[in-house]
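Q: Take a look at this one; I'll ask things after.
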Number of protein chains: 2
Amino acid sequence: MPSLPRYAVVMAGGSGTRFWPRSRHRAPKQLLPIVGTRTMLQETVARVSPPIDRSRVLVVTGQVHARAVRAQLPELPTSALLVEPRGRNTAPAIALAALHIAREHPDAVMAVLPADHAIADRGVFRADLSAALDVAERTGALVTFGIQPTHPETGYGYIRPGARLDGAARARAFRVRAFIEKPNAARARALIARGGVFWNSGIFAWRARSILDALRTHVPDVLAPLEAAVTSGSRHALRAAYGRLPSISIDTGVLERANHVAVLRARFAWSDVGSWAAVEPIWRNGTDRHNAVRGRALAIDSRGCVVDSPQRLIALLGVEDLVVVDTRDAVLVCRKQRAQDVRMVVDELRRRRLGRYL
Amino acid sequence: MPSLPRYAVVMAGGSGTRFWPRSRHRAPKQLLPIVGTRTMLQETVARVSPPIDRSRVLVVTGQVHARAVRAQLPELPTSALLVEPRGRNTAPAIALAALHIAREHPDAVMAVLPADHAIADRGVFRADLSAALDVAERTGALVTFGIQPTHPETGYGYIRPGARLDGAARARAFRVRAFIEKPNAARARALIARGGVFWNSGIFAWRARSILDALRTHVPDVLAPLEAAVTSGSRHALRAAYGRLPSISIDTGVLERANHVAVLRARFAWSDVGSWAAVEPIWRNGTDRHNAVRGRALAIDSRGCVVDSPQRLIALLGVEDLVVVDTRDAVLVCRKQRAQDVRMVVDELRRRRLGRYL
């Protein structure tokens with residue numbers, strides 16, 4: 001049984017543009033039901049309890065999305081929502097959450113989870129999350145979740161594990177030998193061919209004290225201003241602190257520099273759902289054997305398409321490997337292999353001052 | 001100057017399905033603004049006056065579209081609308097119109113024009129229409145308009161001309177040596193390679209008496225019942241007559257069998273606008289150099305597409321040679337080379353009992 005209090009920090013700060021036109025400035029991916037019937041944020045919060053008590057779930061988000069987050073999670077107390085005055089990547093967000101947790105329980109263990117990932121096997125995930133918190137509690141390590149790769153993906157960072165951690169309960173836990181940044185296609189193929197690497201999921205577990213120590217050591221310009229602002233308890237001080245913070249990820253700021261970093265091999269199926277193309281295997285369970293459809297579609301001589309149309313009927317005739325997304329005021333028709341470039345549409349809309357579609 | 005009264009008969013009876021989802025059961029192609037800002041029917045009626053007096057324009061249509069036709073042509077008297085109780089192809093429709101015209105003016109000359117064709121050069125068309133009516137009046141021939149082919153089209157019938165008709169004004173008029181049915185691709189290529197053929201436009205000019213004589217000779221089972229019904233003046237008699245009429249085109253029923261058939265080489269650019277692919281050259285004049293767009297589209301790394309979207313924004317990313325048509329309740333995404341198969345969608349909707357989209 002766990003001895004220390006356990007927290008979950010759900011990172012809901014993103015303002016991604018790769019799910020346009022479904023995602024908009026005020027409705028980014030994590031606030032949308034991309035995968036299931038609940039929003040990705042709601043799914044993420046539901047996924048962590050158990051093992052983590054609902055009263056110990058925190059959500060970090062930005063000013064512009066705070067109201068929507070609260071509306072989507074009415075069961076959480078207002079104090080569970082940590083609102084960043086501006087986005088500064090993951091290191092400041094995690095530091096802010098760790099400071100809050102450490103004030104309540106200096107010995108707490110915390111999991112950090114992006115609000116916009118898809119995880120298929122909820123039971124397996126719960127068990128793995130418990131295992132990661134156990135490892136973090138007993139070893140004091142900064143624990144990352146490593147995903148068994150299925151293909152030479154260029155959209156993820158990789159982790160090369162080293163020596164196995166001691167102890168029976170930690171059979172799947174290893175020291176991290178190296179973090180490998182998102183590779184190009186050739187490097188990704190070489191990594192997969194050689195084997196023995198994980199995808200870096202961006203899901204973490206550690207003691208609040210461990211990550212605060214590491215932040216203090218490796219990014220003092222992030223931790224010190226936040227620590228002062230949180231101690232003062234003033235929102236004005238927090239805003240002033242964020243105005244001076246560097247924008248830096250927890251990976252490059254801390255994990256790639258720290259000593260005591262571990263990776264736990266996850267057993268659950270995972271995707272960061274990085275583009276419309278990524279929903280294909282998730283949606284491919286409907287009545288259409290050849291296309292991944294959510295909503296209404298009629299496909300003739302068409303295959304490999306991803307269709308999202310809750311309202312209108314989408315008729316496909318003689319087409320392959322397209323993404324078609326229908327919304328109230330805009331329709332996306334995109335070659336599936338270009339799905340990661342949807343932000344080009346968003347950029348172009350901005351350039352043409354067509355802000356009403358953003 | 002013409003000596004005999006001149007009529008135009010606009011054939012607005014079609015219920016085509018190749019422009020779904022823009023065209024619907026109650027709004028077929030001819031009742032839609034496919035080419036310009038006015039509907040194809042309105043364009044056709046405007047195109048014939050001059051040379052034909054507005055009071056001598058008749059429109060033949062079906063029961064289901066009569067109200068819409070009247071609404072689109074408020075300037076025409078009610079008597080200008082000939083409503084067929086049911087569709088029986090072009091021979092009965094032309095016979096009905098010719099009978100009405102002959103009752104008013106036994107010596108009249110009439111032009112017959114489908115309501116759903118696109119013609120680019122209105123001034124040239126007016127001059128050619130006059131010339132065809134002249135030839136019909138002076139020679140008594142059944143005059144067809146022959147279009148100079150631009151490519152080996154398989155969607156049109158062809159006409160092989162014979163000897164030139166006498167007379168200076170008829171330099172472009174020939175006897176018809178043969179009608180050639182819609183060819184397959186190889187035959188179409190051979191026809192174009194050999195040259196000396198026209199596309200059969202389906203636009204005609206003849207004396208009312210000439211076509212009635214030909215109908216009496218070649219399809220008496222069409223003319224006799226209609227003649228009796230029109231003479232009686234009873235709508236009930238007309239409905240009963242149509243119940244017994246064969247469904248037959250003027251081409252196979254009359255023109256391919258008659259002796260005195262001529263073809264006038266047209267000088268105007270013409271298209272029967274047989275599918276969404278056919279609008280591409282007509283629309284390709286907008287701000288997008290690579291795609292034929294009507295309405296709102298934003299195209300990135302995309303070319304050869306036909307987009308019709310009066311309301312919503314269509315964003316294209318990395319796609320080629322697609323037809324995208326957005327309507328209130330349905331969106332078509334179709335490979336352009338399959339545009340002639342759009343009726344497959346309509347058939348499938350019918351099969352699935354999704355009549356609300358028809």
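Residues are referred to by chain and number: the chain letter is A, B, ... according to the order shown in the structure tokens, the number counts from 1 in that chain, and ligands are numbered separately from 1 in the order shown.
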Report the residues of region 178-315 of chain B whose backbone DSSP state falls under strand (DSSP E), written as JSON, numbers by chain.

A: {"B": [178, 179, 180, 198, 199, 200, 201, 202, 203, 204, 205, 206, 207, 261, 262, 263, 264, 265, 270, 271, 292, 293, 294, 295, 296, 297, 298, 299, 300, 306, 307, 308, 309, 310, 311, 312, 313, 314, 315]}

Q: Present chain A as a compact mmCIF listing (two decimals) with C-alpha atoms, in the first residue's frame, least-squares fitted onto chain B over all of its C-alpha atoms paired in order.

A:
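What landed in result-v4.txt:
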```txt
# COMPACT_ATOMS: atom_id res chain seq x y z
CA MET A 1 -35.52 39.43 -92.72
CA PRO A 2 -37.42 36.40 -91.53
CA SER A 3 -40.80 35.96 -93.10
CA LEU A 4 -42.30 33.27 -90.87
CA PRO A 5 -42.98 33.54 -87.11
CA ARG A 6 -40.14 32.11 -85.01
CA TYR A 7 -40.51 30.19 -81.76
CA ALA A 8 -38.14 28.83 -79.16
CA VAL A 9 -38.92 25.66 -77.21
CA VAL A 10 -36.82 25.30 -74.06
CA MET A 11 -36.68 21.72 -72.81
CA ALA A 12 -36.64 21.88 -68.99
CA GLY A 13 -37.81 18.38 -68.18
CA GLY A 14 -34.65 16.73 -66.87
CA SER A 15 -34.24 15.40 -63.36
CA GLY A 16 -30.51 14.77 -63.53
CA THR A 17 -28.63 13.45 -60.56
CA ARG A 18 -25.07 14.17 -61.64
CA PHE A 19 -24.92 17.46 -59.76
CA TRP A 20 -25.82 16.03 -56.39
CA PRO A 21 -25.65 17.33 -53.68
CA ARG A 22 -26.34 20.73 -55.25
CA SER A 23 -29.08 19.25 -57.46
CA ARG A 24 -31.91 17.48 -55.70
CA HIS A 25 -35.14 15.82 -56.75
CA ARG A 26 -36.99 19.13 -56.63
CA ALA A 27 -34.06 21.23 -57.84
CA PRO A 28 -32.46 19.59 -60.88
CA LYS A 29 -29.53 21.10 -62.73
CA GLN A 30 -31.55 23.34 -65.07
CA LEU A 31 -33.18 25.07 -62.11
CA LEU A 32 -29.81 25.85 -60.48
CA PRO A 33 -27.20 28.56 -61.12
CA ILE A 34 -24.52 26.03 -62.07
CA VAL A 35 -22.72 28.27 -64.53
CA GLY A 36 -23.60 31.89 -63.81
CA THR A 37 -25.58 33.83 -61.25
CA ARG A 38 -28.87 33.03 -62.97
CA THR A 39 -30.21 29.50 -63.24
CA MET A 40 -29.40 27.54 -66.39
CA LEU A 41 -33.07 27.80 -67.39
CA GLN A 42 -33.05 31.57 -66.96
CA GLU A 43 -29.81 31.80 -68.94
CA THR A 44 -31.28 29.69 -71.73
CA VAL A 45 -34.45 31.77 -72.00
CA ALA A 46 -32.46 35.01 -71.96
CA ARG A 47 -30.12 33.66 -74.63
CA VAL A 48 -32.80 33.16 -77.32
CA SER A 49 -34.32 36.66 -77.23
CA PRO A 50 -33.33 38.16 -79.59
CA PRO A 51 -33.61 36.74 -82.19
CA ILE A 52 -36.83 35.16 -80.92
CA ASP A 53 -39.56 37.36 -79.50
CA ARG A 54 -40.13 36.81 -75.78
CA SER A 55 -43.84 36.15 -76.48
CA ARG A 56 -42.86 33.15 -78.58
CA VAL A 57 -40.76 31.30 -76.03
CA LEU A 58 -42.28 28.06 -74.73
CA VAL A 59 -40.92 25.97 -71.86
CA VAL A 60 -41.66 22.25 -71.59
CA THR A 61 -41.27 20.77 -68.13
CA GLY A 62 -42.64 18.09 -65.82
CA GLN A 63 -45.36 18.28 -63.19
CA VAL A 64 -42.93 18.25 -60.27
CA HIS A 65 -40.95 21.27 -61.52
CA ALA A 66 -43.75 23.39 -63.04
CA ARG A 67 -44.09 25.66 -60.02
CA ALA A 68 -40.33 26.31 -59.81
CA VAL A 69 -40.13 27.00 -63.54
CA ARG A 70 -42.95 29.54 -63.30
CA ALA A 71 -41.27 31.20 -60.31
CA GLN A 72 -37.98 31.47 -62.20
CA LEU A 73 -39.60 32.94 -65.32
CA PRO A 74 -42.23 35.36 -64.04
CA GLU A 75 -42.06 37.32 -67.31
CA LEU A 76 -43.49 34.42 -69.32
CA PRO A 77 -47.28 34.04 -69.58
CA THR A 78 -48.78 30.93 -68.03
CA SER A 79 -49.65 29.71 -71.51
CA ALA A 80 -45.92 29.58 -72.34
CA LEU A 81 -45.47 26.66 -69.96
CA LEU A 82 -46.24 23.21 -71.37
CA VAL A 83 -46.42 20.71 -68.51
CA GLU A 84 -45.92 17.07 -69.35
CA PRO A 85 -47.89 14.71 -67.08
CA ARG A 86 -44.83 12.47 -67.05
CA GLY A 87 -41.40 12.42 -68.66
CA ARG A 88 -41.17 10.43 -71.92
CA ASN A 89 -37.83 11.65 -73.29
CA THR A 90 -37.50 14.31 -75.99
CA ALA A 91 -39.69 13.07 -78.85
CA PRO A 92 -43.02 13.49 -76.99
CA ALA A 93 -41.89 16.81 -75.47
CA ILE A 94 -40.97 18.20 -78.89
CA ALA A 95 -44.15 16.82 -80.45
CA LEU A 96 -46.25 18.49 -77.76
CA ALA A 97 -44.54 21.84 -78.34
CA ALA A 98 -44.76 21.57 -82.15
CA LEU A 99 -48.49 20.83 -81.93
CA HIS A 100 -49.05 23.94 -79.82
CA ILE A 101 -46.99 26.10 -82.16
CA ALA A 102 -48.66 24.73 -85.29
CA ARG A 103 -52.07 25.56 -83.85
CA GLU A 104 -51.03 29.21 -83.52
CA HIS A 105 -48.96 29.44 -86.70
CA PRO A 106 -48.96 26.47 -89.05
CA ASP A 107 -46.01 27.97 -90.90
CA ALA A 108 -43.88 28.78 -87.86
CA VAL A 109 -40.19 27.91 -87.52
CA MET A 110 -39.05 26.68 -84.12
CA ALA A 111 -35.77 26.23 -82.29
CA VAL A 112 -35.44 23.52 -79.64
CA LEU A 113 -32.96 24.10 -76.83
CA PRO A 114 -32.15 22.06 -73.72
CA ALA A 115 -32.43 24.25 -70.61
CA ASP A 116 -29.20 22.97 -69.06
CA HIS A 117 -26.41 23.72 -71.53
CA ALA A 118 -23.67 26.32 -71.21
CA ILE A 119 -22.86 28.60 -74.12
CA ALA A 120 -20.10 31.10 -73.76
CA ASP A 121 -20.47 33.53 -76.66
CA ARG A 122 -23.96 34.91 -76.49
CA GLY A 123 -23.64 37.23 -79.50
CA VAL A 124 -22.25 34.47 -81.68
CA PHE A 125 -24.97 32.16 -80.46
CA ARG A 126 -27.71 34.62 -81.41
CA ALA A 127 -26.30 34.94 -84.93
CA ASP A 128 -25.98 31.16 -85.30
CA LEU A 129 -29.50 30.63 -84.03
CA SER A 130 -30.79 33.06 -86.65
CA ALA A 131 -28.78 31.28 -89.31
CA ALA A 132 -30.18 27.87 -88.30
CA LEU A 133 -33.76 29.20 -88.36
CA ASP A 134 -33.05 30.69 -91.81
CA VAL A 135 -31.83 27.34 -93.12
CA ALA A 136 -34.81 25.55 -91.59
CA GLU A 137 -37.24 28.05 -93.06
CA ARG A 138 -35.76 28.10 -96.57
CA THR A 139 -34.94 24.41 -96.98
CA GLY A 140 -37.56 22.69 -94.83
CA ALA A 141 -34.74 20.59 -93.34
CA LEU A 142 -34.49 19.35 -89.77
CA VAL A 143 -31.43 21.33 -88.70
CA THR A 144 -29.11 20.21 -85.90
CA PHE A 145 -26.31 22.25 -84.38
CA GLY A 146 -22.93 20.58 -84.80
CA ILE A 147 -20.14 21.55 -82.41
CA GLN A 148 -16.48 21.48 -83.46
CA PRO A 149 -14.98 18.83 -81.13
CA THR A 150 -12.04 19.80 -78.93
CA HIS A 151 -11.21 16.36 -77.49
CA PRO A 152 -12.29 12.70 -77.83
CA GLU A 153 -15.34 13.04 -75.59
CA THR A 154 -17.28 9.85 -74.87
CA GLY A 155 -20.26 11.64 -73.37
CA TYR A 156 -21.59 13.09 -76.63
CA GLY A 157 -23.05 11.69 -79.84
CA TYR A 158 -21.28 12.67 -83.07
CA ILE A 159 -22.52 13.79 -86.50
CA ARG A 160 -20.73 13.13 -89.78
CA PRO A 161 -21.64 15.81 -92.31
CA GLY A 162 -22.13 15.17 -96.01
CA ALA A 163 -22.56 17.55 -98.94
CA ARG A 164 -22.76 21.26 -98.32
CA LEU A 165 -26.23 22.75 -98.65
CA ASP A 166 -26.63 25.22 -101.53
CA GLY A 167 -26.68 28.98 -101.05
CA ALA A 168 -24.28 31.56 -99.71
CA ALA A 169 -26.05 31.99 -96.36
CA ARG A 170 -25.67 28.28 -95.79
CA ALA A 171 -21.90 27.99 -96.12
CA ARG A 172 -21.76 26.24 -92.74
CA ALA A 173 -24.75 23.96 -93.38
CA PHE A 174 -24.37 20.37 -94.54
CA ARG A 175 -26.56 17.38 -95.13
CA VAL A 176 -26.13 14.81 -92.34
CA ARG A 177 -24.44 11.66 -93.59
CA ALA A 178 -24.62 9.78 -90.29
CA PHE A 179 -25.38 10.11 -86.61
CA ILE A 180 -22.85 8.29 -84.43
CA GLU A 181 -23.93 7.20 -80.94
CA LYS A 182 -21.80 8.02 -77.88
CA PRO A 183 -18.54 6.21 -78.67
CA ASN A 184 -16.21 4.35 -76.34
CA ALA A 185 -12.83 5.93 -75.68
CA ALA A 186 -10.99 4.16 -78.53
CA ARG A 187 -13.72 5.00 -81.05
CA ALA A 188 -13.83 8.61 -79.84
CA ARG A 189 -10.07 8.93 -80.37
CA ALA A 190 -10.41 7.45 -83.85
CA LEU A 191 -13.24 9.85 -84.72
CA ILE A 192 -11.21 12.86 -83.61
CA ALA A 193 -8.05 11.60 -85.33
CA ARG A 194 -9.85 11.16 -88.62
CA GLY A 195 -11.68 14.49 -88.24
CA GLY A 196 -14.65 15.83 -90.16
CA VAL A 197 -17.18 15.14 -87.40
CA PHE A 198 -19.23 17.31 -85.06
CA TRP A 199 -20.61 16.80 -81.58
CA ASN A 200 -24.39 16.56 -81.60
CA SER A 201 -25.46 19.46 -79.37
CA GLY A 202 -29.12 18.53 -79.02
CA ILE A 203 -30.04 22.03 -80.19
CA PHE A 204 -32.32 21.99 -83.24
CA ALA A 205 -34.24 24.25 -85.64
CA TRP A 206 -37.05 23.29 -88.02
CA ARG A 207 -40.45 24.26 -89.30
CA ALA A 208 -43.20 23.04 -86.97
CA ARG A 209 -44.77 21.39 -90.00
CA SER A 210 -41.52 19.61 -90.93
CA ILE A 211 -41.02 18.02 -87.53
CA LEU A 212 -44.70 17.08 -87.23
CA ASP A 213 -44.54 15.39 -90.65
CA ALA A 214 -41.40 13.54 -89.59
CA LEU A 215 -42.95 12.50 -86.25
CA ARG A 216 -46.04 11.27 -88.11
CA THR A 217 -43.88 9.22 -90.45
CA HIS A 218 -41.35 7.76 -88.01
CA VAL A 219 -43.06 7.65 -84.59
CA PRO A 220 -46.81 7.70 -85.25
CA ASP A 221 -47.39 6.13 -81.82
CA VAL A 222 -45.98 9.31 -80.32
CA LEU A 223 -47.68 11.88 -82.52
CA ALA A 224 -51.20 10.47 -82.94
CA PRO A 225 -52.19 10.27 -79.24
CA LEU A 226 -50.70 13.71 -78.54
CA GLU A 227 -52.40 15.28 -81.56
CA ALA A 228 -55.77 13.92 -80.41
CA ALA A 229 -55.22 15.13 -76.84
CA VAL A 230 -54.06 18.61 -77.85
CA THR A 231 -57.00 18.94 -80.28
CA SER A 232 -59.41 17.99 -77.51
CA GLY A 233 -57.82 20.60 -75.21
CA SER A 234 -58.46 18.34 -72.21
CA ARG A 235 -55.80 17.89 -69.54
CA HIS A 236 -57.33 14.56 -68.69
CA ALA A 237 -56.91 13.41 -72.30
CA LEU A 238 -53.28 14.59 -72.24
CA ARG A 239 -52.60 12.61 -69.09
CA ALA A 240 -54.20 9.52 -70.59
CA ALA A 241 -52.16 9.94 -73.78
CA TYR A 242 -48.86 10.23 -71.85
CA GLY A 243 -49.77 7.08 -69.98
CA ARG A 244 -49.55 5.18 -73.27
CA LEU A 245 -46.62 7.00 -74.96
CA PRO A 246 -43.32 5.24 -75.57
CA SER A 247 -40.26 6.89 -74.05
CA ILE A 248 -38.11 7.82 -77.03
CA SER A 249 -35.63 10.53 -77.96
CA ILE A 250 -36.01 12.78 -80.98
CA ASP A 251 -32.60 11.56 -82.15
CA THR A 252 -33.35 7.85 -82.32
CA GLY A 253 -37.06 8.30 -83.04
CA VAL A 254 -36.83 10.81 -85.85
CA LEU A 255 -33.48 12.34 -86.77
CA GLU A 256 -31.63 9.09 -87.38
CA ARG A 257 -34.46 7.92 -89.66
CA ALA A 258 -35.52 11.08 -91.51
CA ASN A 259 -34.22 12.07 -94.94
CA HIS A 260 -33.95 15.80 -94.96
CA VAL A 261 -31.66 16.35 -91.97
CA ALA A 262 -28.97 19.03 -91.95
CA VAL A 263 -26.21 20.13 -89.59
CA LEU A 264 -25.08 23.70 -89.08
CA ARG A 265 -21.53 24.12 -87.84
CA ALA A 266 -21.83 26.23 -84.69
CA ARG A 267 -19.28 28.94 -83.98
CA PHE A 268 -20.06 29.32 -80.30
CA ALA A 269 -18.36 27.50 -77.41
CA TRP A 270 -20.71 24.92 -75.97
CA SER A 271 -20.92 22.37 -73.18
CA ASP A 272 -23.78 20.20 -72.01
CA VAL A 273 -22.27 20.55 -68.51
CA GLY A 274 -22.68 16.84 -67.97
CA SER A 275 -20.94 16.62 -64.60
CA TRP A 276 -19.06 18.61 -61.97
CA ALA A 277 -15.89 18.03 -63.98
CA ALA A 278 -17.44 20.00 -66.84
CA VAL A 279 -17.69 23.20 -64.80
CA GLU A 280 -13.92 23.30 -64.32
CA PRO A 281 -13.10 25.29 -67.49
CA ILE A 282 -16.13 27.52 -66.89
CA TRP A 283 -15.23 28.42 -63.30
CA ARG A 284 -11.49 28.55 -63.79
CA ASN A 285 -11.35 32.33 -63.78
CA GLY A 286 -11.20 33.15 -60.09
CA THR A 287 -8.38 34.26 -57.85
CA ASP A 288 -7.11 30.67 -57.47
CA ARG A 289 -4.93 29.89 -60.47
CA HIS A 290 -4.75 26.19 -59.74
CA ASN A 291 -8.34 25.29 -58.86
CA ALA A 292 -11.82 26.08 -60.16
CA VAL A 293 -13.57 27.64 -57.19
CA ARG A 294 -17.03 29.05 -56.71
CA GLY A 295 -17.55 30.40 -53.22
CA ARG A 296 -15.06 30.15 -50.39
CA ALA A 297 -11.97 28.04 -50.57
CA LEU A 298 -8.44 28.18 -49.24
CA ALA A 299 -6.12 25.87 -51.17
CA ILE A 300 -2.61 24.95 -50.03
CA ASP A 301 -0.44 22.71 -52.24
CA SER A 302 -3.58 21.69 -54.11
CA ARG A 303 -4.46 21.79 -57.79
CA GLY A 304 -6.98 20.64 -60.35
CA CYS A 305 -9.85 20.74 -57.86
CA VAL A 306 -13.41 21.92 -58.45
CA VAL A 307 -14.93 23.53 -55.35
CA ASP A 308 -18.50 24.76 -54.95
CA SER A 309 -19.17 26.23 -51.52
CA PRO A 310 -21.36 29.30 -51.27
CA GLN A 311 -21.48 29.27 -47.46
CA ARG A 312 -18.73 27.42 -45.64
CA LEU A 313 -14.98 27.75 -46.07
CA ILE A 314 -13.43 24.74 -47.81
CA ALA A 315 -9.77 24.28 -46.88
CA LEU A 316 -7.80 22.05 -49.26
CA LEU A 317 -4.39 20.77 -48.19
CA GLY A 318 -2.17 18.65 -50.42
CA VAL A 319 -4.97 17.32 -52.64
CA GLU A 320 -5.37 17.09 -56.42
CA ASP A 321 -8.17 16.56 -58.90
CA LEU A 322 -11.04 16.45 -56.43
CA VAL A 323 -14.59 17.75 -56.66
CA VAL A 324 -15.80 19.22 -53.36
CA VAL A 325 -19.39 20.45 -53.15
CA ASP A 326 -20.76 21.80 -49.90
CA THR A 327 -24.47 22.17 -49.21
CA ARG A 328 -26.69 22.73 -46.20
CA ASP A 329 -26.92 19.06 -45.24
CA ALA A 330 -24.41 17.15 -47.37
CA VAL A 331 -20.87 17.42 -48.71
CA LEU A 332 -19.53 15.61 -51.78
CA VAL A 333 -15.84 14.70 -51.99
CA CYS A 334 -15.24 12.97 -55.31
CA ARG A 335 -12.31 12.15 -57.51
CA LYS A 336 -12.77 14.42 -60.54
CA GLN A 337 -12.32 11.52 -62.95
CA ARG A 338 -15.33 9.88 -61.26
CA ALA A 339 -17.62 12.91 -61.55
CA GLN A 340 -19.86 11.16 -64.07
CA ASP A 341 -20.54 8.50 -61.40
CA VAL A 342 -22.12 10.86 -58.88
CA ARG A 343 -25.43 9.18 -59.61
CA MET A 344 -23.97 6.14 -57.77
CA VAL A 345 -24.19 8.22 -54.60
CA VAL A 346 -27.80 9.07 -55.37
CA ASP A 347 -28.59 5.41 -56.05
CA GLU A 348 -26.93 4.40 -52.78
CA LEU A 349 -28.85 7.03 -50.81
CA ARG A 350 -32.07 5.65 -52.30
CA ARG A 351 -31.05 2.09 -51.42
CA ARG A 352 -30.31 3.08 -47.84
CA ARG A 353 -33.62 4.97 -47.62
CA LEU A 354 -31.82 8.26 -46.99
CA GLY A 355 -34.39 10.11 -49.08
CA ARG A 356 -33.95 13.32 -47.12
CA TYR A 357 -30.71 13.89 -49.01
CA LEU A 358 -32.29 13.40 -52.47
```

Q: In region 170-340 of chain A, what's alpha helix (DSSP H) per DSSP? Answer as a ChimeraX atom specification?

A: /A:185-194,208-218,220-232,235-244,250,280-283
